[in-house]
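Chemist: For reference, this is target-v1.cif, and it has mmCIF, C-alpha atoms and all ligand atoms.
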data_start
loop_
_atom_site.label_atom_id
_atom_site.label_comp_id
_atom_site.auth_asym_id
_atom_site.auth_seq_id
_atom_site.Cartn_x
_atom_site.Cartn_y
_atom_site.Cartn_z
CA MET L 1 105.21 97.16 85.21
CA ILE L 2 101.42 96.92 85.09
CA GLY L 3 99.90 99.67 87.24
CA ALA L 4 101.03 103.26 87.74
CA GLY L 5 99.72 103.71 91.27
CA LEU L 6 102.16 104.47 94.08
CA ILE L 7 103.21 100.81 94.36
CA GLY L 8 103.84 100.40 90.62
CA LEU L 9 105.59 103.76 90.27
CA GLY L 10 107.67 103.09 93.39
CA ILE L 11 108.90 99.75 92.03
CA ALA L 12 109.54 101.22 88.56
CA TYR L 13 111.54 104.05 90.12
CA GLU L 14 113.59 101.66 92.29
CA LEU L 15 114.32 99.32 89.36
CA ALA L 16 115.25 102.24 87.09
CA ARG L 17 117.62 103.78 89.62
CA ARG L 18 119.33 100.36 89.82
CA GLY L 19 119.83 100.51 86.04
CA ALA L 20 116.96 98.32 84.77
CA ASP L 21 115.09 99.05 81.54
CA VAL L 22 111.53 99.65 82.82
CA ARG L 23 108.19 100.52 81.17
CA VAL L 24 104.99 101.27 83.14
CA ILE L 25 101.59 100.50 81.63
CA ASP L 26 98.34 101.61 83.27
CA ALA L 27 94.83 101.03 82.00
CA ARG L 28 93.77 104.28 83.70
CA GLU L 29 95.24 107.55 85.01
CA PRO L 30 98.70 107.16 86.66
CA GLY L 31 98.63 107.70 90.42
CA GLY L 32 94.83 107.38 90.43
CA ALA L 33 92.62 104.87 92.31
CA ALA L 34 93.63 104.11 95.92
CA SER L 35 96.89 106.04 95.50
CA TRP L 36 94.90 109.21 94.88
CA ALA L 37 91.93 108.45 97.14
CA GLY L 38 93.83 107.61 100.34
CA ALA L 39 94.61 110.04 103.15
CA GLY L 40 98.32 109.17 103.30
CA MET L 41 98.38 108.07 106.95
CA LEU L 42 101.61 106.32 107.92
CA ALA L 43 100.30 104.31 110.86
CA PRO L 44 101.74 100.84 111.39
CA TYR L 45 100.89 100.98 115.12
CA THR L 46 97.58 102.87 115.16
CA GLU L 47 96.31 100.53 112.42
CA SER L 48 96.80 97.65 114.95
CA ILE L 49 98.87 95.51 112.61
CA ALA L 50 100.63 92.48 114.12
CA GLY L 51 103.54 90.09 113.53
CA PRO L 52 105.69 90.11 110.39
CA TYR L 53 103.29 92.52 108.72
CA GLU L 54 103.90 95.13 111.42
CA ALA L 55 107.65 94.64 111.02
CA PHE L 56 107.39 95.20 107.25
CA CYS L 57 105.21 98.30 107.78
CA ALA L 58 107.70 99.67 110.32
CA ARG L 59 110.54 99.00 107.88
CA SER L 60 108.71 101.04 105.26
CA LEU L 61 108.02 103.90 107.68
CA ALA L 62 111.75 104.04 108.47
CA LEU L 63 112.53 104.34 104.73
CA TYR L 64 110.12 107.25 104.22
CA PRO L 65 112.29 110.33 105.03
CA ALA L 66 115.10 109.33 102.65
CA PHE L 67 112.59 108.16 100.02
CA VAL L 68 110.70 111.48 99.95
CA GLU L 69 113.95 113.47 99.98
CA GLU L 70 115.42 111.44 97.13
CA LEU L 71 112.28 111.91 95.01
CA ARG L 72 112.39 115.65 95.69
CA GLU L 73 116.02 115.83 94.61
CA ARG L 74 115.42 113.68 91.55
CA GLY L 75 112.16 115.19 90.25
CA GLY L 76 111.71 118.47 92.13
CA ILE L 77 108.40 117.63 93.90
CA ASP L 78 108.15 117.49 97.69
CA ALA L 79 105.55 114.95 98.90
CA ARG L 80 105.26 116.79 102.26
CA LEU L 81 106.09 114.05 104.74
CA ARG L 82 105.03 114.85 108.30
CA LEU L 83 106.19 112.65 111.16
CA ASP L 84 104.52 114.63 113.93
CA GLY L 85 102.50 111.77 115.40
CA ILE L 86 98.99 110.37 115.24
CA LEU L 87 96.62 111.10 118.13
CA GLU L 88 94.02 108.39 118.80
CA VAL L 89 91.23 109.57 121.09
CA ALA L 90 89.10 107.63 123.58
CA TYR L 91 85.51 108.30 124.65
CA ASP L 92 85.07 105.59 127.30
CA ARG L 93 87.01 103.77 130.01
CA GLY L 94 87.39 100.60 127.98
CA GLU L 95 89.06 102.56 125.16
CA VAL L 96 91.28 104.39 127.67
CA ALA L 97 92.48 101.03 129.03
CA ARG L 98 93.13 99.72 125.51
CA LEU L 99 95.11 102.83 124.52
CA ARG L 100 97.11 102.82 127.78
CA GLY L 101 97.98 99.15 127.20
CA ARG L 102 99.08 99.82 123.62
CA VAL L 103 101.20 102.82 124.60
CA GLU L 104 102.94 100.76 127.32
CA ALA L 105 103.60 97.90 124.91
CA LEU L 106 104.99 100.27 122.26
CA ALA L 107 107.12 102.20 124.74
CA ALA L 108 108.55 98.91 126.08
CA ARG L 109 109.73 98.20 122.51
CA GLY L 110 111.35 101.64 122.25
CA ILE L 111 108.65 103.07 119.95
CA ALA L 112 107.81 106.70 120.75
CA ALA L 113 104.28 106.77 122.18
CA ARG L 114 102.59 108.22 125.27
CA TYR L 115 99.15 108.41 126.84
CA LEU L 116 97.65 111.86 127.42
CA ASP L 117 94.81 112.66 129.81
CA ARG L 118 91.95 114.93 128.68
CA GLU L 119 93.69 118.20 129.66
CA ALA L 120 96.95 117.28 127.94
CA THR L 121 95.05 116.13 124.84
CA LEU L 122 93.16 119.43 124.62
CA ARG L 123 96.38 121.39 125.06
CA LEU L 124 97.69 119.69 121.92
CA GLU L 125 94.44 119.88 119.93
CA PRO L 126 92.06 122.48 121.42
CA ALA L 127 89.36 121.82 118.80
CA LEU L 128 88.83 118.33 120.22
CA GLY L 129 86.04 118.35 122.71
CA GLY L 130 82.83 116.87 123.80
CA ASP L 131 83.27 113.64 125.64
CA ILE L 132 86.95 112.85 125.05
CA LEU L 133 88.62 111.22 128.06
CA GLY L 134 92.18 111.03 126.74
CA ALA L 135 94.33 109.96 123.82
CA ALA L 136 97.33 107.93 122.71
CA LEU L 137 99.96 109.94 120.86
CA CYS L 138 102.07 107.68 118.67
CA GLU L 139 104.91 110.06 117.93
CA ALA L 140 106.62 107.67 115.53
CA GLU L 141 103.79 107.96 112.99
CA GLY L 142 102.51 110.66 110.65
CA CYS L 143 101.28 111.20 107.11
CA VAL L 144 102.35 112.06 103.60
CA ASP L 145 100.43 113.92 100.89
CA ASN L 146 99.74 110.89 98.70
CA ARG L 147 98.56 112.93 95.70
CA ARG L 148 101.81 114.88 95.78
CA LEU L 149 103.71 111.61 96.27
CA GLY L 150 102.18 110.29 93.04
CA ARG L 151 103.35 113.42 91.22
CA ALA L 152 106.78 113.19 92.86
CA LEU L 153 107.16 109.58 91.70
CA ARG L 154 106.06 110.41 88.17
CA ALA L 155 108.58 113.28 88.01
CA ALA L 156 111.36 111.08 89.41
CA CYS L 157 110.52 108.32 86.92
CA ALA L 158 110.54 110.90 84.10
CA ALA L 159 113.98 112.07 85.27
CA LEU L 160 115.16 108.46 84.84
CA ASP L 161 113.50 108.21 81.39
CA VAL L 162 110.94 105.61 82.51
CA PRO L 163 108.08 105.64 79.97
CA ILE L 164 104.57 105.60 81.49
CA ASP L 165 101.82 104.46 79.10
CA ALA L 166 98.67 105.98 80.63
CA HIS L 167 95.09 105.11 79.67
CA ALA L 168 96.48 102.05 77.90
CA GLY L 169 93.17 100.18 78.01
CA ASP L 170 92.86 96.55 79.03
CA VAL L 171 96.14 94.69 78.95
CA ALA L 172 96.84 90.97 79.28
CA LEU L 173 99.84 88.97 80.42
CA GLU L 174 101.41 86.69 77.83
CA ALA L 175 103.13 83.60 79.19
CA ASP L 176 103.93 80.08 78.02
CA ALA L 177 103.77 77.03 80.28
CA ARG L 178 106.99 78.00 82.05
CA ARG L 179 107.61 81.71 81.97
CA VAL L 180 106.38 85.19 81.17
CA LEU L 181 106.76 86.57 77.63
CA GLY L 182 105.43 90.11 77.96
CA VAL L 183 102.27 92.22 77.99
CA ARG L 184 99.70 92.62 75.22
CA GLY L 185 97.38 95.63 75.02
CA PRO L 186 95.41 97.66 72.49
CA ALA L 187 98.70 99.31 71.40
CA GLY L 188 100.39 95.95 70.67
CA PHE L 189 102.76 93.48 72.33
CA VAL L 190 105.53 94.60 74.68
CA PRO L 191 108.07 91.80 75.20
CA ALA L 192 109.52 91.54 78.73
CA THR L 193 111.68 89.14 80.73
CA HIS L 194 109.97 90.28 83.95
CA VAL L 195 106.43 91.58 84.47
CA VAL L 196 105.18 93.00 87.80
CA ASN L 197 101.44 93.17 88.40
CA ALA L 198 100.85 96.23 90.61
CA ALA L 199 97.32 96.90 89.41
CA GLY L 200 95.83 97.49 92.88
CA ALA L 201 92.18 96.50 93.22
CA TRP L 202 92.30 95.21 89.60
CA ALA L 203 95.35 92.97 90.14
CA GLY L 204 93.30 89.79 90.55
CA ALA L 205 91.51 90.34 87.25
CA LEU L 206 94.57 90.60 84.96
CA ALA L 207 93.82 88.58 81.82
CA GLY L 208 96.18 85.91 80.54
CA VAL L 209 97.56 84.87 83.95
CA PRO L 210 97.92 81.07 84.32
CA ALA L 211 95.54 79.70 86.98
CA SER L 212 98.47 78.66 89.22
CA SER L 213 99.69 82.28 89.37
CA ARG L 214 96.48 84.19 90.03
CA VAL L 215 95.99 86.14 93.27
CA PRO L 216 92.59 86.67 94.91
CA ILE L 217 92.36 90.47 95.21
CA VAL L 218 89.01 92.13 95.87
CA PRO L 219 88.10 95.84 95.91
CA VAL L 220 87.23 97.30 99.34
CA LYS L 221 85.52 100.65 98.94
CA GLY L 222 86.47 103.68 101.04
CA GLN L 223 84.49 106.91 100.93
CA MET L 224 86.12 110.13 102.05
CA LEU L 225 85.48 113.85 102.18
CA ALA L 226 87.46 117.04 102.68
CA LEU L 227 86.45 120.14 104.66
CA ALA L 228 87.89 123.64 104.28
CA MET L 229 89.34 124.38 107.73
CA PRO L 230 90.61 127.59 109.30
CA ARG L 231 94.36 127.84 109.93
CA ALA L 232 95.57 125.66 112.83
CA PHE L 233 92.10 124.15 113.40
CA VAL L 234 93.77 120.74 113.68
CA HIS L 235 97.54 120.29 113.94
CA ARG L 236 98.15 116.60 113.30
CA THR L 237 96.41 113.41 112.21
CA LEU L 238 93.57 112.40 114.55
CA TRP L 239 92.05 108.93 114.84
CA ALA L 240 88.64 108.69 116.52
CA PRO L 241 86.04 105.94 116.67
CA GLY L 242 84.42 105.91 113.23
CA ALA L 243 86.72 108.39 111.44
CA TYR L 244 90.26 109.59 111.00
CA LEU L 245 91.04 113.24 110.25
CA VAL L 246 94.14 114.32 108.36
CA PRO L 247 95.06 118.04 107.98
CA ARG L 248 96.73 119.11 104.73
CA ASP L 249 98.99 122.15 104.26
CA ASP L 250 96.53 123.54 101.68
CA GLY L 251 93.83 124.07 104.36
CA ARG L 252 91.80 120.91 103.70
CA LEU L 253 90.90 118.53 106.50
CA LEU L 254 90.45 115.01 105.09
CA VAL L 255 87.90 112.77 106.81
CA GLY L 256 87.95 109.03 106.11
CA ALA L 257 86.99 106.41 105.50
CA THR L 258 84.26 103.85 105.11
CA VAL L 259 85.17 100.18 104.66
CA GLU L 260 82.66 98.62 102.27
CA ASP L 261 82.29 95.44 100.30
CA ALA L 262 80.67 97.06 97.23
CA GLY L 263 82.53 95.66 94.22
CA PHE L 264 83.85 98.34 91.89
CA ASP L 265 81.16 100.88 92.86
CA VAL L 266 82.80 104.24 93.62
CA ARG L 267 79.68 106.31 94.26
CA VAL L 268 79.69 108.62 97.26
CA THR L 269 76.55 107.79 99.22
CA ALA L 270 74.42 109.69 101.72
CA ARG L 271 74.95 106.90 104.28
CA GLY L 272 78.70 106.98 103.83
CA VAL L 273 79.00 110.75 104.17
CA ARG L 274 76.64 110.80 107.16
CA ALA L 275 78.67 108.12 108.98
CA LEU L 276 81.91 110.01 108.45
CA LEU L 277 80.45 113.38 109.45
CA ASP L 278 78.75 111.96 112.56
CA ALA L 279 82.06 110.49 113.74
CA ALA L 280 84.03 113.62 112.83
CA LEU L 281 81.54 115.94 114.57
CA ARG L 282 81.73 113.92 117.74
CA ALA L 283 85.52 114.36 117.80
CA LEU L 284 85.55 118.01 116.65
CA PRO L 285 82.21 119.69 117.47
CA ALA L 286 83.19 123.00 115.78
CA LEU L 287 83.58 121.19 112.48
CA GLY L 288 79.86 121.63 111.80
CA ASP L 289 80.44 125.15 110.42
CA LEU L 290 83.13 124.12 107.92
CA ALA L 291 82.40 123.92 104.19
CA VAL L 292 82.50 120.53 102.49
CA ALA L 293 85.14 121.01 99.79
CA GLU L 294 85.27 117.58 98.17
CA THR L 295 83.88 114.06 98.41
CA TRP L 296 85.25 110.94 96.72
CA ALA L 297 85.61 107.18 97.00
CA GLY L 298 88.44 104.79 96.21
CA LEU L 299 89.05 101.06 96.08
CA ARG L 300 91.55 99.40 98.39
CA PRO L 301 93.05 96.13 97.16
CA GLY L 302 91.91 93.57 99.76
CA SER L 303 93.27 90.04 100.18
CA PRO L 304 91.73 87.02 101.95
CA ASP L 305 94.15 87.06 104.91
CA GLY L 306 94.70 90.83 105.01
CA LEU L 307 98.32 90.47 103.84
CA PRO L 308 99.77 91.72 100.55
CA PHE L 309 101.08 89.44 97.80
CA LEU L 310 104.73 90.30 97.15
CA GLY L 311 107.14 88.40 94.95
CA GLU L 312 107.43 85.92 92.12
CA THR L 313 104.55 83.63 91.22
CA ALA L 314 104.61 80.05 89.91
CA THR L 315 105.09 81.55 86.42
CA SER L 316 108.79 82.36 86.14
CA GLY L 317 109.33 86.11 85.59
CA TYR L 318 105.78 87.07 86.62
CA PHE L 319 105.71 88.99 89.92
CA VAL L 320 102.87 90.40 91.98
CA ALA L 321 102.91 93.47 94.25
CA ALA L 322 99.29 93.88 95.29
CA GLY L 323 96.81 93.39 98.13
CA HIS L 324 98.21 96.15 100.36
CA TYR L 325 94.66 96.89 101.54
CA ARG L 326 94.79 99.85 104.01
CA ASN L 327 98.56 100.23 103.90
CA GLY L 328 99.62 100.76 100.29
CA ILE L 329 100.86 104.32 100.78
CA LEU L 330 102.81 103.35 103.91
CA LEU L 331 104.26 100.29 102.17
CA THR L 332 105.34 102.00 98.94
CA PRO L 333 109.08 102.39 99.79
CA ALA L 334 109.56 98.92 101.32
CA THR L 335 107.58 97.25 98.53
CA ALA L 336 109.72 99.01 95.94
CA VAL L 337 112.91 97.65 97.51
CA ALA L 338 111.43 94.17 98.12
CA ILE L 339 110.19 93.71 94.55
CA ALA L 340 113.31 95.20 92.97
CA ASP L 341 115.37 92.75 95.07
CA ALA L 342 113.12 89.85 94.04
CA VAL L 343 113.41 90.79 90.35
CA GLU L 344 117.19 90.76 90.81
CA GLY L 345 116.90 87.25 92.28
CA LYS L 346 117.63 88.21 95.92
CA ARG L 347 115.58 86.29 98.48
CA ASP L 348 114.35 87.83 101.75
CA ALA L 349 113.13 85.16 104.19
CA SER L 350 111.34 87.79 106.29
CA LEU L 351 108.88 88.29 103.41
CA ALA L 352 107.85 84.61 103.14
CA ALA L 353 104.43 85.36 104.73
CA PHE L 354 103.62 87.56 101.71
CA SER L 355 104.49 85.04 98.99
CA PRO L 356 102.01 85.05 96.09
CA GLN L 357 102.43 81.27 96.13
CA ARG L 358 100.82 80.91 99.57
CA VAL L 359 97.22 79.77 99.92
CA PRO L 360 95.65 82.57 101.97
CA ALA L 361 93.13 81.60 104.63
CA GLY L 362 89.89 83.43 105.32
CA GLU L 363 87.43 85.69 103.67
CA HIS L 364 88.71 88.92 102.17
CA ALA L 365 89.87 91.74 104.39
CA ALA L 366 86.66 93.79 104.44
CA HIS L 367 84.93 90.89 106.13
CA ASP L 368 87.62 90.69 108.79
CA LEU L 369 87.16 94.33 109.69
CA GLY L 370 83.40 94.46 109.41
CA ALA L 371 82.22 95.64 106.01
CA LYS L 372 80.22 98.88 105.94
CA GLU L 373 81.79 100.17 109.16
CA ALA L 374 83.77 103.39 109.07
CA VAL L 375 87.53 103.31 109.82
N1 LIG L 401 94.63 103.61 105.48
C1 LIG L 401 93.34 103.96 105.85
C2 LIG L 401 92.27 103.44 105.01
O1 LIG L 401 92.50 102.59 104.17
O2 LIG L 401 91.15 103.85 105.18
#
Can you turn what I pasted into structure tokens?
Ligand code: GLY
Modeler:
Amino acid sequence: MIGAGLIGLGIAYELARRGADVRVIDAREPGGAASWAGAGMLAPYTESIAGPYEAFCARSLALYPAFVEELRERGGIDARLRLDGILEVAYDRGEVARLRGRVEALAARGIAARYLDREATLRLEPALGGDILGAALCEAEGCVDNRRLGRALRAACAALDVPIDAHAGDVALEADARRVLGVRGPAGFVPATHVVNAAGAWAGALAGVPASSRVPIVPVKGQMLALAMPRAFVHRTLWAPGAYLVPRDDGRLLVGATVEDAGFDVRVTARGVRALLDAALRALPALGDLAVAETWAGLRPGSPDGLPFLGETATSGYFVAAGHYRNGILLTPATAVAIADAVEGKRDASLAAFSPQRVPAGEHAAHDLGAKEAV
């Protein structure tokens, strides 16, 4: 396994619990990068995903409770899953109509969601204010503490004796004309019958990959910040134009995130912080008195068509699990099962849209969503 982010650790854990001999190699800190930087929203519907991708995201959401519980039992760390809904607020009539339409469409499919007028919205979240007209509550969604999830996965992998080589430096794939041979890094050559590239925003740059098996992954920067909030200031995840706000049990309120085409730059900028705070203050006017506790930036792995690459490449034994863009935390459990199945030779026709052997159309995902816009 190359990459010890949530995706790589999730696959390693799933393979190990099925009895495979697994080793994880990461150039950097395990559970770092996007896995650490994200807010942990589990939002297949609020993220406005469509088609087979929505179905895969929903499949992963359904796996989450058992996944988090199993990791807690195996390694002793609770990733604090909360499925108490995501509340998306509207400031104008056009947004109200869009949210009402989405709630009706979701409810018609049996997905728990309802529209709330201004009074009902403020009863749920009294700190919301200003010019809010109403909100959509998607009760099926929620969030997980992604930093704790990284620790939970590492502990569960340790319980299964999965070695994790951290700070391994630059590694390269070794393959002949037909199939994978292993991974070479500063510490030497590790032979392997199967190699999974789960290197997140760096997955497209893995050295030694034959041209026919490369995937076009690009980094998409997201800046975030955390505020120290009083108890019960916000109860659940909020989604407003320009920012989402995710409360943590430790008293931090996460505010994210910019979407920027900035290469591997992870600086926190004045423009980025201002955009997030402007949007957050509009939703929660009392937030202006809260202390800024932390700022950071991470790199999402973007793909040209906005879909992940999941499965075996043209090089036999070389698999890719990357390009999850905004949904890597949500997709960790389903990706783990899908890649473990693929390594075992099981085919899942419903995942054909995500084949690494497809030729993806379009520019990369940041362009689709409007680079340099928040949320
Ligand atoms: N999943 C939210 C984001 O990528 O900003």
Chemist: Show me which residues are within 10 Å of ligand LIG 401 (chain L) counting only C-alpha atoms and all ligand atoms, and format the list as a PyMOL selection string.
Modeler: chain L and resi 34+37-44+47+220-224+243-244+255-259+298-301+324-330+374-375
Chemist: Could you pull the residues within 10 Å of L:Ala140, counting all atoms listed in the file, minus those fewer than 6 positions along the same chain, as a VMD selection string?
Modeler: chain L and resid 42 to 45 58 61 to 62 83 to 86 111 to 113
Chemist: Write a file of the just-selected residues containing C-alpha atoms, as a short mmCIF file (atom, residue, chain, number, x, y, z; two decimals), in the frame of the given file.
Modeler:
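As a result, out-v2.cif now contains:
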data_model
loop_
_atom_site.label_atom_id
_atom_site.label_comp_id
_atom_site.auth_asym_id
_atom_site.auth_seq_id
_atom_site.Cartn_x
_atom_site.Cartn_y
_atom_site.Cartn_z
CA LEU L 42 101.61 106.32 107.92
CA ALA L 43 100.30 104.31 110.86
CA PRO L 44 101.74 100.84 111.39
CA TYR L 45 100.89 100.98 115.12
CA ALA L 58 107.70 99.67 110.32
CA LEU L 61 108.02 103.90 107.68
CA ALA L 62 111.75 104.04 108.47
CA LEU L 83 106.19 112.65 111.16
CA ASP L 84 104.52 114.63 113.93
CA GLY L 85 102.50 111.77 115.40
CA ILE L 86 98.99 110.37 115.24
CA ILE L 111 108.65 103.07 119.95
CA ALA L 112 107.81 106.70 120.75
CA ALA L 113 104.28 106.77 122.18
#
Chemist: When distances are computed from only C-alpha atoms, which of L:Asp250, L:Glu125, L:Glu294, L:Glu139 shows the smallest separation from L:Leu106?
Modeler: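 The shortest atom-to-atom distance to L:Leu106 comes from L:Glu139.
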Chemist: Looking at all atoms listed in the file, which of L:Leu290, L:Val190, L:Ala199, L:Ala177 is the one that sits closest to L:Phe233?
Modeler: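 Using all atoms listed in the file, the shortest distance to L:Phe233 belongs to L:Leu290.
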Chemist: May I ask which of the residues L:Leu15, L:Ala55, L:Ala27, L:Ala136 is the closest one to L:Gly3, counting all atoms listed in the file?
Modeler: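 Counting all atoms listed in the file, the residue closest to L:Gly3 is L:Ala27.
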Chemist: Choose the residue, out of L:Arg17, L:Pro52, L:Leu254, L:Val171, that has the smallest atom-to-atom separation from L:Trp239; count only C-alpha atoms.
Modeler: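 Smallest separation from L:Trp239 among the options: L:Leu254.
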